[in-house]
Amino acid sequence: MKRKWSFFSVFNYTFLALIGFSMIYPFIYILAYSLNDGKDSMMGAIYFLPRKFTLENYAQVFDNARIWKAYQITLMRTVLGTFLHVVLCTLMAYALSKKTLPGRSFFTFYIFLPTIFSAGFIPFFITLQKLHLINSFWVYVLPMLFNFMHIVIIRTFLQGIPEELEESARIDGYGDFQIFVRIILPLSGPVLATISLFIGVAHWNDWFSGAYYVSNKDLIPVQTLLQEMLTEAEALSNSMQRAAQQGGQTVGGTSGAGATPESLRMALLVITVFPILCIYPFLQRYFVKGVMIGSVKG
Amino acid sequence: MNKSRWTSNRVFKRIWQHKLFYLFMLPGIVWFFLFSYVPLYGVQVAFRDYTFIGGFTGSPWAGFKYFEQFFNYYQSGDIIRNTVIISLMKLLIGFPMPIILALLLNEVRKMKFKKTIQTLSYLPYFVSWIVVVTLMQRLLTPYGGPVNDLLGSFGAESIQFLNNPTWFYQMIVGSDIWKNIGWNSIIFMAAIAGIDQQLYEAAKMDGAGRFKQMWHVTLPGIRNVAIILFILAVGNLMSAGYEQLLLLNGPATASMGSVLDVHAINSGIREGRLSYAAAVGLFQSIIGLILVLTVNRIARKVSDVSLF
């Protein structure tokens, strides 16, 4: 039997479809813009598909030494930072999941306390100075090595692994370390994937460290580069666009093809967002569970 | 006495048995000490004339000098007001949005559709504020941006959305909702999924329609989760979201958009007034703590649900 479509259902489906559209459309738009000839884009009226298709913008972005360098920094900090974070948080979480561990509640409280009262930004900044992390690559990695919430999420997951597994492994003569490596780790795939996504995205998206802790131009990650372009690009593109719309002429007086700062910026944006876009839908099942554990315990 | 030696031996033995686990925790213990407790100890620079050589403990005491400096600053009232206004708007308008989204999604029977909308709604959470603001610049520009083109096709004048005091709050609150609504709805979806289906059956027996079921079964079912999250959100009332405001606030909107976090970051790092900035930050943290404790207390009295 088919249910009748009530007024509410029609409204609800339409409304939700619009929300979904508003989430994805900006990305479709920049993709179209980045694949369109830069000077042609200044005429506006590009909505879903490129009008004058070109890969020129991407070619120029990949050719730019500064962007390459920034992309390398972002990749390095993301891979290294994610790996170290996941390994170290898992070790800590595994220890804290042992109910027999003397001092377990003390250590849990020790890592929980700083989440209640934060020292604020400045004492943290001074600490980074004193540790000689300012203007160093490690300022991206070390301050993000641990996270209370992530430890709690991993610990909760590990506590769900049946203890009989460990006991039978012990009977087979496994030591603590072997149990961890051979029994626990292989079973922890889902939670490790979730935490990798959380911390990987945090690393990938962090522009603040690059903007405030680092002045060496060779150490700037992509997001900070995008931030620097933000203010420059707005003024530049608006004035160029105005010129293009009013006189049909572009800066420099030519009407030929070519990339503009704005079209390059959109290409860079696409390259920055693309990896995340490809990864997160596949981890959805896991991170939804992770969020639930995090908020129940937190 | 014999007995106590015997127990202390036993404790030591238990600790020794767990030596590997202490080794596992060692990096974490060191890290939390360096990156959480050292800065916490360093909060005292707010009461000192900080010098780089003197450090946290060697710089001369200054008492409440920097707090006075902040409160005597002619803009401090505006800064506090801006912070509260922006976060209150985010709280009052932004907080119910994920709940509404979760309720609407819950009414969807076509699973594929539901799943697709959910997946799409998480997307903005995973991109940075830089990306969001770049997207806004591009989509909202009056010079050939799609949003203004759409408005134009309805015959409306094109609008300068960014760096415009008239649209400032809408942009701040709107982009915040867009970025976080999907992610924040996860927890409510989970709470809804946990509601006993028999309650719905019983409500149906009593003749409750869709809205009555939503009102009498679903909403009470997610009440506790909502209260807890609300308490946490109130604790953040003194921070208006520094990343977003650092990026979206321009000269034209400065009188509406300068907030405590950004003020602390700018005066501390850009101008090098570290003690002053630390005082601003400490003021912010203390008010935040007081707010959480107060709301927590009220919640416990009114509804029996509380954080601690």
# chains A, B, ... in the order shown; residues from 1 in each chain; ligands from 1
$ residues_around --residues "Val273 (chain A)" --least-positions-apart "5" --cutoff "12 Å" --atoms "only C-alpha atoms" --output "PyMOL selection string"
(chain A and resi 26-28+30-31+201+204-205+222-223+226+266-268+278-280) or (chain B and resi 123-132+134-135)
$ write_last_selection --atoms "N, CA and C atoms" --output "PDB file, in the first residue's frame"
ATOM      1  N   PRO A  26      28.263  25.291  -3.154  1.00  0.00           N
ATOM      2  CA  PRO A  26      29.477  26.116  -3.211  1.00  0.00           C
ATOM      3  C   PRO A  26      30.668  25.375  -3.784  1.00  0.00           C
ATOM      4  N   PHE A  27      30.729  24.065  -3.519  1.00  0.00           N
ATOM      5  CA  PHE A  27      31.871  23.294  -4.007  1.00  0.00           C
ATOM      6  C   PHE A  27      31.745  22.999  -5.499  1.00  0.00           C
ATOM      7  N   ILE A  28      30.511  22.768  -5.952  1.00  0.00           N
ATOM      8  CA  ILE A  28      30.292  22.588  -7.389  1.00  0.00           C
ATOM      9  C   ILE A  28      30.682  23.869  -8.120  1.00  0.00           C
ATOM     10  N   ILE A  30      32.807  26.334  -7.212  1.00  0.00           N
ATOM     11  CA  ILE A  30      34.244  26.629  -7.326  1.00  0.00           C
ATOM     12  C   ILE A  30      34.926  25.644  -8.276  1.00  0.00           C
ATOM     13  N   LEU A  31      34.400  24.422  -8.345  1.00  0.00           N
ATOM     14  CA  LEU A  31      34.965  23.468  -9.297  1.00  0.00           C
ATOM     15  C   LEU A  31      34.769  23.979 -10.723  1.00  0.00           C
ATOM     16  N   VAL A 201      42.050  15.896   9.725  1.00  0.00           N
ATOM     17  CA  VAL A 201      41.335  17.082   9.258  1.00  0.00           C
ATOM     18  C   VAL A 201      41.793  18.321  10.033  1.00  0.00           C
ATOM     19  N   TRP A 204      45.116  19.258   8.582  1.00  0.00           N
ATOM     20  CA  TRP A 204      44.954  19.733   7.208  1.00  0.00           C
ATOM     21  C   TRP A 204      44.379  21.153   7.190  1.00  0.00           C
ATOM     22  N   ASN A 205      43.460  21.433   8.116  1.00  0.00           N
ATOM     23  CA  ASN A 205      42.731  22.703   8.105  1.00  0.00           C
ATOM     24  C   ASN A 205      43.361  23.805   8.936  1.00  0.00           C
ATOM     25  N   VAL A 222      49.312  25.293   3.368  1.00  0.00           N
ATOM     26  CA  VAL A 222      48.395  25.777   2.332  1.00  0.00           C
ATOM     27  C   VAL A 222      47.299  26.677   2.909  1.00  0.00           C
ATOM     28  N   GLN A 223      46.739  26.266   4.047  1.00  0.00           N
ATOM     29  CA  GLN A 223      45.619  27.041   4.596  1.00  0.00           C
ATOM     30  C   GLN A 223      46.042  28.457   4.952  1.00  0.00           C
ATOM     31  N   LEU A 226      46.256  30.390   1.808  1.00  0.00           N
ATOM     32  CA  LEU A 226      44.914  30.804   1.390  1.00  0.00           C
ATOM     33  C   LEU A 226      44.444  32.015   2.189  1.00  0.00           C
ATOM     34  N   MET A 266      40.757  29.755  -6.816  1.00  0.00           N
ATOM     35  CA  MET A 266      39.711  28.733  -6.810  1.00  0.00           C
ATOM     36  C   MET A 266      40.300  27.349  -7.090  1.00  0.00           C
ATOM     37  N   ALA A 267      41.275  27.285  -7.996  1.00  0.00           N
ATOM     38  CA  ALA A 267      41.926  26.000  -8.262  1.00  0.00           C
ATOM     39  C   ALA A 267      42.626  25.501  -7.006  1.00  0.00           C
ATOM     40  N   LEU A 268      43.310  26.426  -6.323  1.00  0.00           N
ATOM     41  CA  LEU A 268      43.996  26.041  -5.086  1.00  0.00           C
ATOM     42  C   LEU A 268      42.983  25.559  -4.044  1.00  0.00           C
ATOM     43  N   CYS A 278      36.988  13.376  -0.549  1.00  0.00           N
ATOM     44  CA  CYS A 278      37.081  11.979  -0.980  1.00  0.00           C
ATOM     45  C   CYS A 278      37.075  11.019   0.201  1.00  0.00           C
ATOM     46  N   ILE A 279      37.553  11.475   1.341  1.00  0.00           N
ATOM     47  CA  ILE A 279      37.749  10.544   2.444  1.00  0.00           C
ATOM     48  C   ILE A 279      36.536  10.460   3.372  1.00  0.00           C
ATOM     49  N   TYR A 280      35.982  11.625   3.765  1.00  0.00           N
ATOM     50  CA  TYR A 280      35.044  11.584   4.895  1.00  0.00           C
ATOM     51  C   TYR A 280      33.787  10.743   4.665  1.00  0.00           C
TER      52      TYR A 280
ATOM     53  N   LEU B 123      29.578  17.795   5.359  1.00  0.00           N
ATOM     54  CA  LEU B 123      30.679  18.302   4.542  1.00  0.00           C
ATOM     55  C   LEU B 123      31.290  19.618   5.035  1.00  0.00           C
ATOM     56  N   PRO B 124      30.482  20.669   5.285  1.00  0.00           N
ATOM     57  CA  PRO B 124      31.107  21.951   5.676  1.00  0.00           C
ATOM     58  C   PRO B 124      31.888  21.865   6.980  1.00  0.00           C
ATOM     59  N   TYR B 125      31.524  20.900   7.832  1.00  0.00           N
ATOM     60  CA  TYR B 125      32.254  20.780   9.087  1.00  0.00           C
ATOM     61  C   TYR B 125      33.714  20.428   8.840  1.00  0.00           C
ATOM     62  N   PHE B 126      33.968  19.725   7.749  1.00  0.00           N
ATOM     63  CA  PHE B 126      35.317  19.221   7.496  1.00  0.00           C
ATOM     64  C   PHE B 126      36.221  20.199   6.760  1.00  0.00           C
ATOM     65  N   VAL B 127      35.681  21.326   6.340  1.00  0.00           N
ATOM     66  CA  VAL B 127      36.568  22.298   5.692  1.00  0.00           C
ATOM     67  C   VAL B 127      36.870  23.418   6.682  1.00  0.00           C
ATOM     68  N   SER B 128      37.973  24.129   6.430  1.00  0.00           N
ATOM     69  CA  SER B 128      38.417  25.138   7.392  1.00  0.00           C
ATOM     70  C   SER B 128      37.623  26.425   7.245  1.00  0.00           C
ATOM     71  N   TRP B 129      37.749  27.293   8.228  1.00  0.00           N
ATOM     72  CA  TRP B 129      37.096  28.605   8.144  1.00  0.00           C
ATOM     73  C   TRP B 129      37.655  29.417   6.976  1.00  0.00           C
ATOM     74  N   ILE B 130      38.928  29.192   6.666  1.00  0.00           N
ATOM     75  CA  ILE B 130      39.507  29.878   5.514  1.00  0.00           C
ATOM     76  C   ILE B 130      38.716  29.534   4.264  1.00  0.00           C
ATOM     77  N   VAL B 131      38.479  28.238   4.092  1.00  0.00           N
ATOM     78  CA  VAL B 131      37.734  27.796   2.913  1.00  0.00           C
ATOM     79  C   VAL B 131      36.324  28.387   2.930  1.00  0.00           C
ATOM     80  N   VAL B 132      35.690  28.355   4.082  1.00  0.00           N
ATOM     81  CA  VAL B 132      34.322  28.879   4.168  1.00  0.00           C
ATOM     82  C   VAL B 132      34.292  30.355   3.776  1.00  0.00           C
ATOM     83  N   THR B 134      36.492  32.030   2.006  1.00  0.00           N
ATOM     84  CA  THR B 134      36.801  32.179   0.580  1.00  0.00           C
ATOM     85  C   THR B 134      35.566  31.881  -0.265  1.00  0.00           C
ATOM     86  N   LEU B 135      34.849  30.818   0.103  1.00  0.00           N
ATOM     87  CA  LEU B 135      33.611  30.490  -0.613  1.00  0.00           C
ATOM     88  C   LEU B 135      32.606  31.633  -0.519  1.00  0.00           C
TER      89      LEU B 135
END
$ interface_residues --of "chain B" --to "chain A" --cutoff "7 Å" --atoms "only C-alpha atoms" --output "number ranges by chain"
B: 15, 18, 21, 24-25, 28, 32, 35-36, 39-40, 42-43, 104, 117, 119-121, 123-124, 126-128, 130-131, 134-135, 143-146, 186-187, 268, 274, 277-278, 281-282, 285
$ write_last_selection --atoms "C-alpha atoms" --output "compact mmCIF listing (two decimals), in the first residue's frame"
# COMPACT_ATOMS: atom_id res chain seq x y z
CA ILE B 15 52.74 -1.31 40.03
CA HIS B 18 51.88 -2.81 35.16
CA PHE B 21 51.33 0.50 30.87
CA PHE B 24 52.65 3.63 27.48
CA MET B 25 51.35 6.60 29.45
CA GLY B 28 51.07 11.58 27.51
CA PHE B 32 49.98 17.20 29.34
CA PHE B 35 51.29 21.84 27.03
CA SER B 36 48.51 22.05 29.63
CA PRO B 39 50.50 27.23 30.57
CA LEU B 40 48.08 26.89 33.50
CA GLY B 42 51.82 30.59 33.47
CA VAL B 43 48.44 32.25 33.93
CA LEU B 104 12.97 16.69 10.09
CA ILE B 117 21.27 14.60 3.07
CA THR B 119 26.36 12.96 4.33
CA LEU B 120 26.09 16.30 2.55
CA SER B 121 25.33 18.12 5.76
CA LEU B 123 30.68 18.30 4.54
CA PRO B 124 31.11 21.95 5.68
CA PHE B 126 35.32 19.22 7.50
CA VAL B 127 36.57 22.30 5.69
CA SER B 128 38.42 25.14 7.39
CA ILE B 130 39.51 29.88 5.51
CA VAL B 131 37.73 27.80 2.91
CA THR B 134 36.80 32.18 0.58
CA LEU B 135 33.61 30.49 -0.61
CA TYR B 143 30.31 41.43 -9.16
CA GLY B 144 29.10 38.33 -10.94
CA GLY B 145 28.57 36.08 -7.92
CA PRO B 146 25.81 33.47 -8.24
CA ILE B 186 24.65 13.73 14.81
CA ILE B 187 24.24 13.58 18.55
CA GLY B 268 49.27 39.85 22.61
CA LEU B 274 51.56 39.70 26.54
CA ALA B 277 46.47 39.97 26.64
CA ALA B 278 46.84 37.27 29.29
CA GLY B 281 42.15 35.90 28.37
CA LEU B 282 41.97 35.13 32.07
CA SER B 285 38.08 32.07 31.14
$ closest_residue --among "B:His216, B:Arg297, B:Arg273, B:His263" --to "Asn82 (chain B)" --atoms "only C-alpha atoms"
B:His263
$ closest_residue --among "A:Ser263, A:Thr14, A:Thr78, A:Gln60" --to "Leu105 (chain B)" --atoms "only C-alpha atoms"
A:Thr14
$ select_by_dssp --residues "region 90-144 of chain A" --states "helix (DSSP H, G or I)" --output "MDAnalysis selection string"
chainID A and resid 90:96 104:116 121:130 138:144
$ atom_distance --atom1 "CA of Leu162 (chain B)" --atom2 "CA of Ile79 (chain B)"
20.4 Å
$ atom_distance --atom1 "CA of Lys39 (chain A)" --atom2 "CA of Ala70 (chain A)"
25.8 Å
$ residues_around --residues "region 254-261 of chain B" --least-positions-apart "2" --cutoff "9 Å" --atoms "only C-alpha atoms" --output "MDAnalysis selection string"
(chainID A and resid 121) or (chainID B and resid 76 78:84 86 165 168:169 238:242 245:246 248:252 263:266 280:281 284)
